[in-house]
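Asks: This structure is in structure tokens; I'll ask about it shortly.
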Amino acid sequence: MTQKLQGKVALVVGGASGIGRAIAECFHAEGATVALADFNLEACRQVADHLGARVTTHGVDVSDEEAVKVMVGDVVKSHRTIDVLVNCAGILDETPLLEMSTETFDRMIGINLRGVFLVSRQVAPHMAERRRGRIINISSQLALKGGVGLAHYCSAKAGVLGLTKAMAHELAPFGVLTNAIAPGPILTPMLEGLSPQWIADKEAELPLGRFGKAEEVAPTALMLAASPDGDLYVGQTLGPNSGDVM
Ligand code: NAI
């Protein structure tokens with residue numbers, strides 16, 4: 001059977017863990033060469049060891065403009081091209097608005113929103129020059145519904161949706177299709193620390209009655225990344241979210 005990303009190069013930023021890792025593994029299984037970029041280089045290397053051939057690893061802090069330039073330069077040098085970019089790096093913490101320092105807000109925006117901009121701005125020219133590419137930005141359903149203690153996170157993730165639409169407008173004429181995925185609650189290391197009771201209570205509120213798994217988000221990314229499956233999607237937000245937001 002033909003693999004959907006045979007011969008393609010995918011840069012998965014935040015690919016060392018959780019949803020990013022699941023997307024990287026799915027793309028790899030579909031024939032892609034995968035560049036894993038993450039703050040946690042050691043974890044990237046473990047994923048690469050697990051996958052075997054067709055993988056490179058790149059340490060980066062997405063909020064550091066210079067580090068992003070170096071990382072994208074390294075990926076292009078290693079693979080000559082980037083066909084698919086997945087912006088999945090992110091952090092989460094809960095801080096009540098009335099206690100939130102400007103530093104806490106800025107750090108969240110710096111990684112979860114500015115990081116998407118910085119990486120995309122470095123990668124998009126390579127795609128535009130070749131007149132093809134796919135960019136997939138991982139937002140969150142919390143961008144649409146808000147959440148307590150999450151003013152910074154919801155702002156960043158809503159910003160990612162606006163950025164996605166602006167990029168979609170500007171890059172589509174160059175053959176570069178940009179879309180977002182806004183997952184619902186997904187059981188990944190990001191949610192470690194939440195009590196089983198809290199999770200059970202939240203799951204009971206969901207129409208589907210359960211949180212998702214990272215592997216259940218990956219097929220949405222694959223659909224957007226592959227041709228012809230994703231050919232008509234531009235500036236869309238897809239929601240694998242257990243029915244949390246409809
Ligand atoms: P995770 O914690 O398993 O993975 C996040 C990855 O981002 C980690 O490998 C981490 O090292 C990397 N990272 C963090 N800061 C970084 C930085 N400054 N530079 C480079 N890499 C950095 O979390 P998960 O759940 O897989 O999250 C992935 C994305 O999905 C995030 O953007 C998150 O906000 C989003 N998301 C997660 C949901 C969930 O319920 N788990 C729901 C909706 C969205």
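Just remember, in the structure tokens the first chain shown is A, the second B, etc., residues are 1-based per chain, and ligands are 1-based in the order shown.
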Residues of chain A that have any atom at most 9 Å from an atom of ligand 1: could you tabulate them with the shortest-distance atom pair and the distance in Å to one decimal, using only C-alpha atoms and all ligand atoms, ordered by chain and increasing number, as a Markdown table?
Replies:
```
| residue | atom | partner | partner_atom_place_in_ligand_line | distance |
| --- | --- | --- | --- | --- |
| A:Val13 | CA | ligand 1 | 21 (N) | 6.6 |
| A:Gly14 | CA | ligand 1 | 7 (O) | 4.0 |
| A:Gly15 | CA | ligand 1 | 9 (O) | 5.9 |
| A:Ala16 | CA | ligand 1 | 9 (O) | 4.3 |
| A:Ser17 | CA | ligand 1 | 9 (O) | 4.1 |
| A:Gly18 | CA | ligand 1 | 26 (O) | 3.3 |
| A:Ile19 | CA | ligand 1 | 26 (O) | 3.8 |
| A:Gly20 | CA | ligand 1 | 26 (O) | 5.6 |
| A:Arg21 | CA | ligand 1 | 26 (O) | 7.3 |
| A:Ala22 | CA | ligand 1 | 26 (O) | 8.3 |
| A:Ala37 | CA | ligand 1 | 20 (C) | 7.0 |
| A:Asp38 | CA | ligand 1 | 21 (N) | 4.0 |
| A:Phe39 | CA | ligand 1 | 20 (C) | 3.9 |
| A:Asn40 | CA | ligand 1 | 11 (O) | 4.7 |
| A:Leu41 | CA | ligand 1 | 11 (O) | 8.1 |
| A:Ala43 | CA | ligand 1 | 9 (O) | 7.4 |
| A:Cys44 | CA | ligand 1 | 9 (O) | 7.9 |
| A:Gly59 | CA | ligand 1 | 20 (C) | 7.6 |
| A:Val60 | CA | ligand 1 | 20 (C) | 5.3 |
| A:Asp61 | CA | ligand 1 | 19 (N) | 3.5 |
| A:Val62 | CA | ligand 1 | 19 (N) | 4.1 |
| A:Ser63 | CA | ligand 1 | 18 (N) | 5.6 |
| A:Asp64 | CA | ligand 1 | 18 (N) | 7.9 |
| A:Asn87 | CA | ligand 1 | 32 (O) | 7.5 |
| A:Cys88 | CA | ligand 1 | 29 (C) | 4.6 |
| A:Ala89 | CA | ligand 1 | 7 (O) | 3.5 |
| A:Gly90 | CA | ligand 1 | 32 (O) | 3.6 |
| A:Ile91 | CA | ligand 1 | 14 (C) | 5.2 |
| A:Leu92 | CA | ligand 1 | 34 (O) | 6.3 |
| A:Arg107 | CA | ligand 1 | 18 (N) | 9.0 |
| A:Gly110 | CA | ligand 1 | 18 (N) | 8.0 |
| A:Ile111 | CA | ligand 1 | 18 (N) | 5.1 |
| A:Asn112 | CA | ligand 1 | 32 (O) | 6.3 |
| A:Gly115 | CA | ligand 1 | 18 (N) | 7.5 |
| A:Asn137 | CA | ligand 1 | 32 (O) | 8.4 |
| A:Ile138 | CA | ligand 1 | 32 (O) | 5.5 |
| A:Ser139 | CA | ligand 1 | 44 (C) | 5.5 |
| A:Ser140 | CA | ligand 1 | 43 (C) | 3.9 |
| A:Gln141 | CA | ligand 1 | 43 (C) | 6.2 |
| A:Leu142 | CA | ligand 1 | 43 (C) | 7.2 |
| A:Tyr153 | CA | ligand 1 | 34 (O) | 7.8 |
| A:Lys157 | CA | ligand 1 | 34 (O) | 7.5 |
| A:Ile181 | CA | ligand 1 | 44 (C) | 8.2 |
| A:Ala182 | CA | ligand 1 | 43 (C) | 6.0 |
| A:Pro183 | CA | ligand 1 | 43 (C) | 4.4 |
| A:Gly184 | CA | ligand 1 | 42 (C) | 4.9 |
| A:Pro185 | CA | ligand 1 | 40 (O) | 3.5 |
| A:Ile186 | CA | ligand 1 | 40 (O) | 3.7 |
| A:Leu187 | CA | ligand 1 | 41 (N) | 5.7 |
| A:Thr188 | CA | ligand 1 | 25 (O) | 4.7 |
| A:Pro189 | CA | ligand 1 | 3 (O) | 4.4 |
| A:Met190 | CA | ligand 1 | 2 (O) | 3.9 |
| A:Leu191 | CA | ligand 1 | 41 (N) | 6.0 |
| A:Glu192 | CA | ligand 1 | 2 (O) | 8.8 |
| A:Phe211 | CA | ligand 1 | 40 (O) | 8.0 |
| A:Gly212 | CA | ligand 1 | 40 (O) | 7.9 |
| A:Lys213 | CA | ligand 1 | 41 (N) | 8.6 |
| A:Ala214 | CA | ligand 1 | 26 (O) | 7.0 |
| A:Asn241 | CA | ligand 1 | 42 (C) | 8.2 |
```
Asks: Can you pull out every residue within 8 Å of Leu150 (chain A), counting only C-alpha atoms, but drop anything in the same chain fewer than 6 positions away, and send it as a list in words?
Replies: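 So, after excluding close chain neighbours, the residues are Asp93, Glu94, Thr95, Pro96 and Leu97 of chain A.
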Asks: Which of region 52-190 of chain A end up as strand (DSSP E) when DSSP is run on this backbone - answer as a PDB file with C-alpha atoms, in the first residue's frame?
Replies:
```pdb
ATOM      1  CA  VAL A  55      14.977  10.756  11.771  1.00  0.00           C
ATOM      2  CA  THR A  56      17.117  13.683  12.916  1.00  0.00           C
ATOM      3  CA  THR A  57      16.952  15.482  16.265  1.00  0.00           C
ATOM      4  CA  HIS A  58      17.332  19.190  16.957  1.00  0.00           C
ATOM      5  CA  GLY A  59      17.372  21.003  20.282  1.00  0.00           C
ATOM      6  CA  VAL A  84       5.397  19.642   6.381  1.00  0.00           C
ATOM      7  CA  LEU A  85       5.747  21.714   9.538  1.00  0.00           C
ATOM      8  CA  VAL A  86       3.891  20.846  12.738  1.00  0.00           C
ATOM      9  CA  ASN A  87       4.026  23.486  15.473  1.00  0.00           C
ATOM     10  CA  GLY A 133       4.025  22.890   1.811  1.00  0.00           C
ATOM     11  CA  ARG A 134       1.743  22.177   4.716  1.00  0.00           C
ATOM     12  CA  ILE A 135       1.796  23.942   8.074  1.00  0.00           C
ATOM     13  CA  ILE A 136      -0.214  22.540  10.993  1.00  0.00           C
ATOM     14  CA  ASN A 137      -0.461  24.612  14.160  1.00  0.00           C
ATOM     15  CA  ILE A 138      -1.612  22.937  17.364  1.00  0.00           C
ATOM     16  CA  VAL A 176       1.450  26.450   1.196  1.00  0.00           C
ATOM     17  CA  LEU A 177      -1.633  25.338   3.134  1.00  0.00           C
ATOM     18  CA  THR A 178      -1.905  26.344   6.798  1.00  0.00           C
ATOM     19  CA  ASN A 179      -4.433  24.868   9.215  1.00  0.00           C
ATOM     20  CA  ALA A 180      -4.914  24.402  12.939  1.00  0.00           C
ATOM     21  CA  ILE A 181      -5.900  21.522  15.171  1.00  0.00           C
ATOM     22  CA  ILE A 186      -5.677  14.476  25.639  1.00  0.00           C
ATOM     23  CA  LEU A 187      -3.872  12.234  28.110  1.00  0.00           C
TER      24      LEU A 187
END
```
Asks: Any chance you could list, as an MDAnalysis selection string, the residues in region 41-214 of chain A that come up helix (DSSP H, G or I) when DSSP is run on the backbone?
Replies: chainID A and resid 41:51 65:79 97:99 102:130 142:145 151:174 189:191 196:205 214
Asks: Within 9 Å of Val72 (chain A), counting only C-alpha atoms, which residues show up once you throw out same-chain ones fewer than 5 positions away? Write them as a list in words, please.
Replies: Leu11, His58, Ala67, Lys77, Val119, Gln122 and Val123 of chain A
Asks: From the set A:Glu25, A:Lys145, A:Gly239, A:Gly31, which residue has the shortest atom-to-atom contact distance to Leu5 (chain A), counting only C-alpha atoms?
Replies: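 For Leu5 (chain A), the nearest of the given residues is A:Gly31.
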Asks: Between CA of Met71 (chain A) and CA of Ala128 (chain A), measure the distance and give it in Å to one decimal.
Replies: 18.7 Å
Asks: Find, counting only C-alpha atoms, the residue in A:Arg114, A:Lys8, A:Arg45, A:His126 that gets nearest to His28 (chain A).
Replies: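 Closest to His28 (chain A) of all the choices is A:Lys8.
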Asks: Go through A:Val70, A:Leu36, A:Leu113, A:Leu232 and flag the residue nearest Ala158 (chain A), using only C-alpha atoms for the distances.
Replies: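 Checking each of A:Val70, A:Leu36, A:Leu113, A:Leu232 against Ala158 (chain A), counting only C-alpha atoms, the winner is A:Leu113.
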Asks: Go through A:Leu144, A:Leu163, A:Leu194, A:Ala48 and flag the residue nearest Leu238 (chain A), using only C-alpha atoms for the distances.
Replies: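 Looking at the shortest contact to Leu238 (chain A), the residue is A:Leu144.
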